[in-house]
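This is work22.pdb. It holds PDB, C-alpha atoms and all ligand atoms.
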```
ATOM      1  CA  MET K 297      -8.306   3.382  -8.072
ATOM      2  CA  LEU K 298      -8.853   1.323  -4.947
ATOM      3  CA  ILE K 299      -5.836   1.282  -2.614
ATOM      4  CA  LEU K 300      -5.770  -1.188   0.279
ATOM      5  CA  HIS K 301      -3.219  -1.608   3.068
ATOM      6  CA  CYS K 302      -1.936  -5.195   3.125
ATOM      7  CA  PRO K 303      -1.816  -6.241   6.806
ATOM      8  CA  TYR K 304       0.905  -8.805   6.051
ATOM      9  CA  CYS K 305       3.588  -6.902   4.140
ATOM     10  CA  GLY K 306       2.514  -3.374   5.050
ATOM     11  CA  VAL K 307       2.276  -2.133   1.472
ATOM     12  CA  MET K 308      -0.361   0.367   0.399
ATOM     13  CA  ALA K 309      -1.233  -1.824  -2.561
ATOM     14  CA  ASP K 310      -3.088  -0.400  -5.506
ATOM     15  CA  GLU K 311      -5.842  -2.403  -7.117
ATOM     16  CA  THR K 312      -3.561  -3.724  -9.854
ATOM     17  CA  GLU K 313      -1.530  -5.684  -7.268
ATOM     18  CA  LEU K 314      -4.671  -7.185  -5.752
ATOM     19  CA  HIS K 315      -7.214  -9.829  -6.614
ATOM     20  CA  GLY K 316     -10.749  -9.688  -5.276
ATOM     21  CA  GLY K 317     -12.001 -12.777  -3.449
ATOM     22  CA  GLY K 318     -15.652 -11.926  -2.997
ATOM     23  CA  GLU K 319     -17.685 -11.552   0.142
ATOM     24  CA  ALA K 320     -16.042 -12.096   3.543
ATOM     25  CA  HIS K 321     -17.066 -14.085   6.603
ATOM     26  CA  LEU K 322     -19.070 -16.729   4.779
ATOM     27  CA  THR K 323     -19.996 -19.850   6.706
ATOM     28  CA  ARG K 324     -19.023 -22.790   4.559
ATOM     29  CA  HIS K 325     -21.704 -25.398   4.003
ATOM     30  CA  GLY K 326     -20.213 -28.490   2.399
ATOM     31  CA  PRO K 327     -20.953 -32.218   2.247
ATOM     32  CA  GLY K 328     -23.744 -33.213   4.589
ATOM     33  CA  SER K 329     -25.409 -29.812   4.639
ATOM     34  CA  SER K 330     -28.938 -29.183   3.446
ATOM     35  CA  ASP K 331     -29.566 -28.186  -0.168
ATOM     36  CA  GLU K 332     -30.848 -24.837   1.027
ATOM     37  CA  ASP K 333     -27.743 -24.086   3.122
ATOM     38  CA  PHE K 334     -25.468 -25.144   0.284
ATOM     39  CA  HIS K 335     -27.401 -23.011  -2.176
ATOM     40  CA  ASP K 336     -27.194 -19.972   0.094
ATOM     41  CA  TYR K 337     -23.481 -20.536   0.722
ATOM     42  CA  LEU K 338     -22.863 -20.481  -3.013
ATOM     43  CA  PHE K 339     -25.306 -17.880  -4.232
ATOM     44  CA  ALA K 340     -26.955 -15.801  -1.503
ATOM     45  CA  LYS K 341     -24.680 -12.797  -1.055
ATOM     46  CA  GLU K 342     -25.268  -9.402   0.516
ATOM     47  CA  ASN K 343     -24.005  -7.356  -2.424
ATOM     48  CA  PRO K 344     -24.886  -4.112  -0.618
ATOM     49  CA  ARG K 345     -24.775  -0.543  -1.766
ATOM     50  CA  GLY K 346     -22.749   0.837   1.123
ATOM     51  CA  VAL K 347     -20.808  -0.861   3.922
ATOM     52  CA  HIS K 348     -19.346  -4.173   2.798
ATOM     53  CA  PHE K 349     -16.800  -6.763   3.931
ATOM     54  CA  GLU K 350     -14.660  -8.497   1.360
ATOM     55  CA  ARG K 351     -11.727 -10.859   0.917
ATOM     56  CA  TRP K 352      -8.755  -9.660  -1.096
ATOM     57  CA  ARG K 353      -5.480 -11.281  -2.006
ATOM     58  CA  HIS K 354      -2.186  -9.423  -2.390
ATOM     59  CA  VAL K 355      -1.505 -11.570  -5.426
ATOM     60  CA  GLN K 356       1.223  -9.425  -7.020
ATOM     61  CA  GLY K 357       2.992  -8.986  -3.719
ATOM     62  CA  CYS K 358       3.315 -11.094  -0.584
ATOM     63  CA  GLY K 359       0.606 -13.463  -1.837
ATOM     64  CA  LYS K 360      -1.513 -13.356   1.333
ATOM     65  CA  TRP K 361      -5.280 -13.188   1.713
ATOM     66  CA  PHE K 362      -6.763 -10.503   3.950
ATOM     67  CA  HIS K 363     -10.072  -8.786   4.722
ATOM     68  CA  ALA K 364     -11.225  -5.293   3.830
ATOM     69  CA  ALA K 365     -14.150  -3.200   5.018
ATOM     70  CA  ARG K 366     -15.237  -0.517   2.597
ATOM     71  CA  ASP K 367     -18.166   1.326   1.107
ATOM     72  CA  THR K 368     -19.114  -0.016  -2.301
ATOM     73  CA  ALA K 369     -20.792   3.235  -3.318
ATOM     74  CA  THR K 370     -18.062   5.717  -2.365
ATOM     75  CA  LEU K 371     -15.023   3.368  -2.433
ATOM     76  CA  GLU K 372     -14.114   4.718   1.020
ATOM     77  CA  VAL K 373     -11.992   2.162   2.867
ATOM     78  CA  PHE K 374     -12.714   1.739   6.587
ATOM     79  CA  GLY K 375      -9.828  -0.631   7.192
ATOM     80  CA  THR K 376      -8.181  -3.953   6.412
ATOM     81  CA  TYR K 377      -7.451  -6.838   8.768
ATOM     82  CA  PRO K 378      -5.898 -10.320   8.722
ATOM     83  CA  ALA K 379      -7.622 -13.379   7.307
ATOM     84  CA  GLN K 380      -7.404 -15.393  10.527
ATOM     85  CA  THR K 381     -10.708 -14.229  11.946
ATOM     86  CA  THR K 382     -14.354 -15.098  11.459
ATOM     87  CA  GLU K 383     -15.656 -11.640  12.234
ATOM     88  CA  PRO K 384     -14.634  -8.001  11.760
ATOM     89  CA  PRO K 385     -12.446  -6.783  14.669
ATOM     90  CA  LYS K 386     -13.941  -4.232  17.034
ATOM     91  CA  ALA K 387     -11.597  -1.459  15.835
ATOM     92  CA  ILE K 388     -12.851  -1.913  12.275
ATOM     93  CA  ARG K 389     -16.498  -1.901  13.370
ATOM     94  CA  LYS K 390     -15.871   1.277  15.392
ATOM     95  CA  ALA K 391     -14.218   2.921  12.392
ATOM     96  CA  ILE K 392     -17.314   2.165  10.329
ATOM     97  CA  THR K 393     -19.646   3.478  13.035
ATOM     98  CA  ALA K 394     -17.736   6.766  13.092
ATOM     99  CA  LYS K 395     -18.640   7.264   9.426
ATOM    100  CA  ARG K 396     -21.875   5.267   9.015
ATOM    101  CA  PRO K 397     -23.761   5.283  12.351
ATOM    102  CA  GLY K 398     -26.340   2.519  12.616
ATOM    103  CA  TRP K 399     -24.791   0.300   9.932
ATOM    104  CA  THR K 400     -25.532  -3.430   9.827
ATOM    105  CA  TRP K 401     -24.182  -6.216   7.649
ATOM    106  CA  ARG K 402     -25.340  -9.824   7.993
ATOM    107  CA  GLY K 403     -25.166 -10.458  11.760
ATOM    108  CA  PHE K 404     -22.686  -7.661  12.442
ATOM    109  CA  SER K 405     -23.387  -4.135  13.540
ATOM    110  CA  ASP K 406     -22.187  -1.111  15.457
ATOM    111  CA  PRO K 407     -20.183  -2.496  18.471
ATOM    112  CA  ALA K 408     -21.812   0.059  20.784
ATOM    113  CA  LYS K 409     -25.136  -1.718  20.397
TER
ATOM    114  CA  MET A 250      25.417 -33.439 -15.808
ATOM    115  CA  SER A 251      23.651 -30.817 -17.900
ATOM    116  CA  GLU A 252      25.246 -27.412 -18.176
ATOM    117  CA  ALA A 253      23.292 -24.706 -16.379
ATOM    118  CA  ALA A 254      22.460 -21.604 -18.403
ATOM    119  CA  SER A 255      20.740 -18.396 -17.394
ATOM    120  CA  ALA A 256      17.432 -17.511 -19.056
ATOM    121  CA  LEU A 257      18.760 -15.174 -21.748
ATOM    122  CA  SER A 258      22.412 -16.249 -21.782
ATOM    123  CA  GLY A 259      23.828 -12.889 -20.777
ATOM    124  CA  ALA A 260      21.717 -10.742 -23.131
ATOM    125  CA  ALA A 261      22.341  -7.022 -22.673
ATOM    126  CA  TYR A 262      20.890  -3.754 -23.910
ATOM    127  CA  GLU A 263      22.841  -0.530 -24.076
ATOM    128  CA  GLY A 264      22.233   2.828 -25.597
ATOM    129  CA  GLY A 265      19.058   3.583 -23.667
ATOM    130  CA  LEU A 266      18.506   5.499 -20.430
ATOM    131  CA  VAL A 267      20.189   2.671 -18.507
ATOM    132  CA  ARG A 268      21.976  -0.600 -19.162
ATOM    133  CA  VAL A 269      19.804  -3.720 -18.904
ATOM    134  CA  ALA A 270      21.472  -7.121 -18.647
ATOM    135  CA  ASP A 271      20.733 -10.737 -17.884
ATOM    136  CA  ALA A 272      22.717 -11.143 -14.649
ATOM    137  CA  GLY A 273      23.735 -14.728 -15.412
ATOM    138  CA  LEU A 274      23.381 -17.721 -13.140
ATOM    139  CA  GLN A 275      22.089 -16.925  -9.659
ATOM    140  CA  GLY A 276      21.424 -19.356  -6.846
ATOM    141  CA  MET A 277      18.001 -18.897  -5.256
ATOM    142  CA  VAL A 278      16.506 -20.976  -2.470
ATOM    143  CA  THR A 279      12.976 -20.420  -1.224
ATOM    144  CA  LEU A 280      12.493 -21.087   2.468
ATOM    145  CA  ARG A 281       9.058 -21.106   4.035
ATOM    146  CA  GLY A 282       8.369 -21.466   7.726
ATOM    147  CA  ASP A 283       7.867 -19.445  10.889
ATOM    148  CA  LEU A 284      10.354 -16.597  10.424
ATOM    149  CA  GLU A 285      10.092 -15.753  14.119
ATOM    150  CA  ALA A 286      11.208 -19.246  15.186
ATOM    151  CA  GLU A 287      14.757 -19.270  16.555
ATOM    152  CA  ALA A 288      15.527 -22.551  14.721
ATOM    153  CA  ILE A 289      14.632 -20.974  11.370
ATOM    154  CA  ARG A 290      16.538 -17.769  12.086
ATOM    155  CA  ALA A 291      19.618 -19.734  13.132
ATOM    156  CA  ALA A 292      19.408 -21.988  10.058
ATOM    157  CA  VAL A 293      19.191 -18.975   7.745
ATOM    158  CA  ARG A 294      22.168 -17.320   9.457
ATOM    159  CA  GLU A 295      24.163 -20.545   9.219
ATOM    160  CA  ALA A 296      23.271 -21.198   5.562
ATOM    161  CA  SER A 297      23.783 -17.641   4.283
ATOM    162  CA  GLY A 298      25.792 -15.680   6.823
ATOM    163  CA  CYS A 299      22.983 -13.104   6.759
ATOM    164  CA  ASP A 300      20.594 -12.032   9.496
ATOM    165  CA  MET A 301      16.884 -12.601   9.013
ATOM    166  CA  PRO A 302      15.556  -9.526   7.169
ATOM    167  CA  GLY A 303      12.663  -7.526   8.563
ATOM    168  CA  GLN A 304       9.449  -6.848   6.661
ATOM    169  CA  ARG A 305      10.139  -5.959   2.971
ATOM    170  CA  ALA A 306      13.891  -5.833   3.582
ATOM    171  CA  ILE A 307      16.948  -7.614   2.243
ATOM    172  CA  THR A 308      20.132  -8.405   4.161
ATOM    173  CA  ALA A 309      23.430  -9.164   2.442
ATOM    174  CA  GLU A 310      26.802 -10.557   3.427
ATOM    175  CA  GLY A 311      29.547 -11.236   0.883
ATOM    176  CA  ASP A 312      28.043 -13.098  -2.089
ATOM    177  CA  ALA A 313      24.861 -14.058  -0.202
ATOM    178  CA  ALA A 314      21.645 -12.210   0.541
ATOM    179  CA  VAL A 315      18.295 -12.983   2.166
ATOM    180  CA  ALA A 316      15.138 -11.278   0.913
ATOM    181  CA  TRP A 317      11.821 -11.006   2.798
ATOM    182  CA  MET A 318       9.062 -12.340   0.527
ATOM    183  CA  ALA A 319       6.135 -12.740   2.956
ATOM    184  CA  PRO A 320       5.639 -13.177   6.726
ATOM    185  CA  ASP A 321       6.453 -16.879   6.265
ATOM    186  CA  GLU A 322       8.856 -16.838   3.316
ATOM    187  CA  VAL A 323      12.376 -15.685   2.468
ATOM    188  CA  LEU A 324      14.469 -16.036  -0.672
ATOM    189  CA  ILE A 325      18.109 -16.925  -0.059
ATOM    190  CA  LEU A 326      20.480 -15.731  -2.778
ATOM    191  CA  GLY A 327      23.975 -17.024  -3.367
ATOM    192  CA  PRO A 328      26.235 -18.567  -5.987
ATOM    193  CA  HIS A 329      24.337 -20.870  -8.349
ATOM    194  CA  ALA A 330      26.705 -23.783  -7.726
ATOM    195  CA  ARG A 331      26.101 -23.588  -3.970
ATOM    196  CA  ALA A 332      22.269 -23.485  -4.025
ATOM    197  CA  GLY A 333      21.882 -27.271  -3.769
ATOM    198  CA  ASP A 334      24.150 -27.367  -0.723
ATOM    199  CA  THR A 335      22.324 -24.436   0.859
ATOM    200  CA  CYS A 336      19.070 -26.319   0.448
ATOM    201  CA  ALA A 337      20.527 -29.505   1.933
ATOM    202  CA  ALA A 338      22.007 -27.567   4.854
ATOM    203  CA  LEU A 339      18.610 -26.013   5.621
ATOM    204  CA  GLU A 340      16.925 -29.412   5.419
ATOM    205  CA  ALA A 341      19.469 -30.892   7.828
ATOM    206  CA  ALA A 342      19.301 -27.987  10.266
ATOM    207  CA  LEU A 343      15.502 -27.906  10.298
ATOM    208  CA  GLN A 344      14.745 -31.582  10.958
ATOM    209  CA  GLY A 345      11.532 -31.676  12.987
ATOM    210  CA  GLN A 346      10.808 -27.979  12.397
ATOM    211  CA  HIS A 347       7.871 -27.269  10.065
ATOM    212  CA  HIS A 348       9.411 -25.758   6.925
ATOM    213  CA  LEU A 349       9.902 -26.025   3.165
ATOM    214  CA  ALA A 350      13.226 -25.400   1.412
ATOM    215  CA  VAL A 351      13.389 -25.570  -2.393
ATOM    216  CA  ASN A 352      16.130 -24.747  -4.876
ATOM    217  CA  VAL A 353      14.337 -22.463  -7.355
ATOM    218  CA  SER A 354      17.473 -21.146  -9.098
ATOM    219  CA  ASP A 355      16.553 -22.524 -12.503
ATOM    220  CA  ALA A 356      12.917 -21.429 -12.251
ATOM    221  CA  ARG A 357      13.859 -17.736 -12.050
ATOM    222  CA  ALA A 358      15.659 -15.096 -14.069
ATOM    223  CA  LEU A 359      17.678 -12.182 -12.720
ATOM    224  CA  PHE A 360      18.336  -8.888 -14.492
ATOM    225  CA  THR A 361      20.539  -5.969 -13.562
ATOM    226  CA  VAL A 362      19.541  -2.413 -14.410
ATOM    227  CA  THR A 363      22.415   0.032 -14.001
ATOM    228  CA  GLY A 364      23.017   3.679 -14.714
ATOM    229  CA  GLU A 365      22.276   7.068 -13.298
ATOM    230  CA  ASP A 366      20.245   6.565 -10.093
ATOM    231  CA  ALA A 367      17.287   8.695 -11.187
ATOM    232  CA  ALA A 368      17.114   6.861 -14.532
ATOM    233  CA  VAL A 369      17.293   3.422 -12.915
ATOM    234  CA  ARG A 370      14.412   4.370 -10.593
ATOM    235  CA  GLU A 371      12.423   5.736 -13.493
ATOM    236  CA  VAL A 372      12.801   2.605 -15.634
ATOM    237  CA  LEU A 373      11.280   0.496 -12.824
ATOM    238  CA  ALA A 374       8.691   3.105 -11.830
ATOM    239  CA  LYS A 375       7.204   2.981 -15.322
ATOM    240  CA  LEU A 376       6.503  -0.727 -14.852
ATOM    241  CA  ALA A 377       5.510  -1.253 -11.214
ATOM    242  CA  PRO A 378       2.873   0.450  -8.987
ATOM    243  CA  VAL A 379       5.532   1.231  -6.383
ATOM    244  CA  ASP A 380       6.815   4.536  -4.988
ATOM    245  CA  LEU A 381      10.448   4.502  -6.124
ATOM    246  CA  SER A 382      11.391   7.971  -4.927
ATOM    247  CA  PRO A 383      14.676   7.952  -2.937
ATOM    248  CA  GLY A 384      12.812   8.704   0.300
ATOM    249  CA  ALA A 385      10.517   5.700  -0.132
ATOM    250  CA  PHE A 386      12.785   3.024  -1.617
ATOM    251  CA  GLY A 387      16.524   2.513  -1.405
ATOM    252  CA  PRO A 388      19.330   0.094  -0.580
ATOM    253  CA  GLY A 389      18.133  -2.474   1.976
ATOM    254  CA  ASP A 390      14.537  -2.444   0.717
ATOM    255  CA  PHE A 391      13.017  -5.339  -1.195
ATOM    256  CA  ARG A 392       9.700  -5.241  -3.020
ATOM    257  CA  ARG A 393       7.529  -7.896  -4.627
ATOM    258  CA  SER A 394       5.133  -6.376  -7.112
ATOM    259  CA  ARG A 395       4.240  -6.644 -10.775
ATOM    260  CA  LEU A 396       6.224  -5.598 -13.820
ATOM    261  CA  ALA A 397       3.495  -4.568 -16.265
ATOM    262  CA  GLN A 398       1.562  -7.840 -16.563
ATOM    263  CA  VAL A 399       3.737 -10.342 -14.676
ATOM    264  CA  PRO A 400       4.935 -10.814 -11.095
ATOM    265  CA  GLY A 401       8.419  -9.525 -10.303
ATOM    266  CA  ALA A 402      10.589  -8.449  -7.394
ATOM    267  CA  PHE A 403      13.438  -5.992  -7.118
ATOM    268  CA  TRP A 404      15.969  -4.385  -4.816
ATOM    269  CA  MET A 405      18.788  -1.864  -4.969
ATOM    270  CA  PRO A 406      22.156  -3.197  -3.786
ATOM    271  CA  GLN A 407      23.417   0.383  -4.111
ATOM    272  CA  ALA A 408      22.445   3.673  -5.729
ATOM    273  CA  GLY A 409      22.227   3.358  -9.506
ATOM    274  CA  VAL A 410      21.785  -0.425  -9.471
ATOM    275  CA  MET A 411      18.515  -2.356  -9.470
ATOM    276  CA  ARG A 412      18.316  -6.149  -9.481
ATOM    277  CA  VAL A 413      15.093  -7.582 -10.876
ATOM    278  CA  ILE A 414      13.812 -11.135 -10.370
ATOM    279  CA  CYS A 415      11.048 -12.771 -12.400
ATOM    280  CA  PHE A 416       9.885 -16.231 -13.361
ATOM    281  CA  ARG A 417      12.135 -17.774 -16.006
ATOM    282  CA  SER A 418       9.131 -18.425 -18.263
ATOM    283  CA  VAL A 419       8.622 -14.665 -18.673
ATOM    284  CA  ALA A 420      12.308 -13.687 -18.833
ATOM    285  CA  GLN A 421      12.134 -12.471 -22.420
ATOM    286  CA  TYR A 422       8.987 -10.463 -21.681
ATOM    287  CA  VAL A 423      10.605  -8.745 -18.678
ATOM    288  CA  PHE A 424      13.851  -8.076 -20.544
ATOM    289  CA  ASP A 425      11.872  -6.488 -23.396
ATOM    290  CA  LEU A 426       9.829  -4.467 -20.886
ATOM    291  CA  LEU A 427      12.940  -3.089 -19.204
ATOM    292  CA  CYS A 428      14.468  -2.235 -22.587
ATOM    293  CA  THR A 429      11.284  -0.499 -23.748
ATOM    294  CA  SER A 430      11.080   1.411 -20.475
ATOM    295  CA  ALA A 431      14.688   2.514 -21.051
ATOM    296  CA  ALA A 432      14.220   3.425 -24.712
ATOM    297  CA  PRO A 433      16.130   6.493 -25.894
ATOM    298  CA  GLY A 434      13.980   9.599 -25.798
ATOM    299  CA  SER A 435      11.587   8.183 -23.182
ATOM    300  CA  ARG A 436      13.041  10.029 -20.180
ATOM    301  CA  VAL A 437      10.398  11.537 -17.904
ATOM    302  CA  GLY A 438      12.847  12.922 -15.370
ATOM    303  CA  TYR A 439      10.460  12.443 -12.465
ATOM    304  CA  PHE A 440      13.205  11.521  -9.969
ATOM    305  CA  GLU A 441      15.740  14.073 -11.109
ATOM    306  CA  ALA A 442      16.731  16.494  -8.385
TER
HETATM  307 ZN    ZN X 501       1.050  -8.021   1.069
END
```

Let me see whether you can do it: turn the structure in this file into structure tokens.
Amino acid sequence: MLILHCPYCGVMADETELHGGGEAHLTRHGPGSSDEDFHDYLFAKENPRGVHFERWRHVQGCGKWFHAARDTATLEVFGTYPAQTTEPPKAIRKAITAKRPGWTWRGFSDPAK
Amino acid sequence: MSEAASALSGAAYEGGLVRVADAGLQGMVTLRGDLEAEAIRAAVREASGCDMPGQRAITAEGDAAVAWMAPDEVLILGPHARAGDTCAALEAALQGQHHLAVNVSDARALFTVTGEDAAVREVLAKLAPVDLSPGAFGPGDFRRSRLAQVPGAFWMPQAGVMRVICFRSVAQYVFDLLCTSAAPGSRVGYFEA
């Protein structure tokens, strides 16, 4: 059972109160973008085995969207953070480094580097 | 003027671990806006007599209460007949302030679960993924969660009493859930001292 801390209402919400929203920190390519950019926005996802960043919604709760950083293989949760950001906060990246030195994900990596 | 009726017209269940009853007509006004803004806090105090609740809390004063729903949403409870006026008062007080006030009284159902405190906690704990032990949840707390398969919210005005809100469209489902959870012979005794 995945349990995530909702940064908005403070609940340790179990998976049954949550709804997954797919990969986090996507750059939206809409009207006017190239076919390739639009294709990648829709379909080209990291889907890693290991460190991952996702969007979740506390749907059976306060209703808010937030971000989570976790390991898809072990289900270990590194932390959750608000939706109003385009990149993982430094504290979250440090928490990942403490457990998975040398990690990278899209353009993000260990903040010490 | 049509005559207002609660979802299950006062249906009640007795003979189980607790008493489950349709609580009748209940005024409910949803207010969304910046809960930190002084204008919003003042309008809520004026309309309900209650202070703005903190995170996952409920404040009460007389026949009114204000429940924290989200960082930008509260639910104002009061007499059903007064909900329209409460809404209008909020609208008037919040002119020019970004907000939304809606009378949702007839879109919701309210149930009361009463009995021995440990049994009341147990009936809800069987249905929601929430820690309902006395140290984790008690009077003054408010929780939005799910009740089996549908959204619901609940609070304890006092020991041995739980009030449960759900959408009116699933009122029968939630009433049946609560009754099943309270069925004779189904006591787990998890919260018994
Ligand atoms: Zn939440």

- Task: Excluding segment 422-439 of chain A and any residue of its chain fewer than 3 positions from it, enumerate the residues within 6 Å of it, using only C-alpha atoms, and give them as a PyMOL selection string.
- Result: chain A and resi 265-266+372+419

- Task: Using all atoms listed in the file, find each protein or nucleic acid residue lying at most 9 Å from ligand ZN 501 (chain X); present the set as a VMD selection string.
- Result: (chain K and resid 301 to 309 314 353 to 362) or (chain A and resid 319 to 320 393)

- Chain and number of each residue from the PyMOL selection byres (((chain K and resi 404) around 12) and not hetatm), as a PyMOL selection string: chain K and resi 320-321+347-349+382-386+388-390+392-393+398-403+405-409

- Explicit residue set for the PyMOL selection byres ((chain A) within 12 of (chain K)), as a ChimeraX atom specification: /A:303-306,316-323,376-380,385,391-403,415

All residues 8 Å or closer to Gly316 of chain K, all atoms listed in the file, same chain fewer than 5 positions away omitted, as a CSV table (one decimal) with C-alpha atoms, keeping the file's coordinate frame:
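Everything below was put into selection-v5.csv:
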```csv
chain,number,residue,atom,x,y,z
K,350,GLU,CA,-14.7,-8.5,1.4
K,351,ARG,CA,-11.7,-10.9,0.9
K,352,TRP,CA,-8.8,-9.7,-1.1
K,353,ARG,CA,-5.5,-11.3,-2.0
```

- Mind checking which residues fall within 9 Å of Leu349 of chain A, counting all atoms listed in the file, ignoring those fewer than 6 positions away in the same chain, and posting them as a count of residues only? 5

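Distance-wise, atom CA of Asp390 of chain A and atom CA of Ile307 of chain A end up 5.9 Å apart.
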
Expand the PyMOL selection byres (((chain K and resi 345) around 6) and not hetatm) into the individual residues it matches in the shown file, reporting them as a compact mmCIF listing (two decimals) with C-alpha atoms, keeping the file's coordinate frame.
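Below is the file that was written, result-v1.txt:
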```
# COMPACT_ATOMS: atom_id res chain seq x y z
CA PRO K 344 -24.89 -4.11 -0.62
CA GLY K 346 -22.75 0.84 1.12
CA THR K 368 -19.11 -0.02 -2.30
CA ALA K 369 -20.79 3.24 -3.32
```

Axis-aligned box for all listed atoms of segment 345-361 of chain K, 4 Å per side, centre and edges in Å to one decimal, as lines of an AutoDock Vina configuration file:
```
center_x = -10.7
center_y = -6.3
center_z = -1.5
size_x = 36.1
size_y = 22.3
size_z = 19.0
```

- Spatial neighbours of segment 324-337 of chain A, 9 Å, all atoms listed in the file, chain gap at least 3 places, as a list in words: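 Close residues of segment 324-337 of chain A: Ala253, Leu274, Gln275, Gly276, Met277, Val278, Thr279, Leu280, Arg281, Val293, Ala296, Ser297, Ala309, Asp312, Ala313, Ala314, Val315, Ala316, Trp317, Met318, Glu340, Ala341, Ala342, Ala350, Val351, Asn352, Val353, Ser354 and Asp355 of chain A.
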
- Task: Grab the atom CA of Trp404 of chain A to atom CA of Ala261 of chain A distance for me, in Å with one decimal place.
- Result: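 Going from atom CA of Trp404 of chain A over to atom CA of Ala261 of chain A, I get 19.1 Å.
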
- Task: Could you jot down the atom CA of His347 of chain A to atom CA of Ala291 of chain A separation for me, Å, one decimal place?
- Result: 14.3 Å

- Query: Which residue gives the smallest distance to Gly384 of chain A among A:Arg370, A:Ile289, A:Val269, A:Leu343, with all atoms listed in the file counted?
  - Reply: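 The answer is A:Arg370, which sits nearest to Gly384 of chain A.
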
- Excluding Gly326 of chain K and residues on its chain fewer than 6 positions from it, collect all residues at most 9 Å away from it, counting all atoms listed in the file, and give them as a ChimeraX atom specification. /K:333-334,337
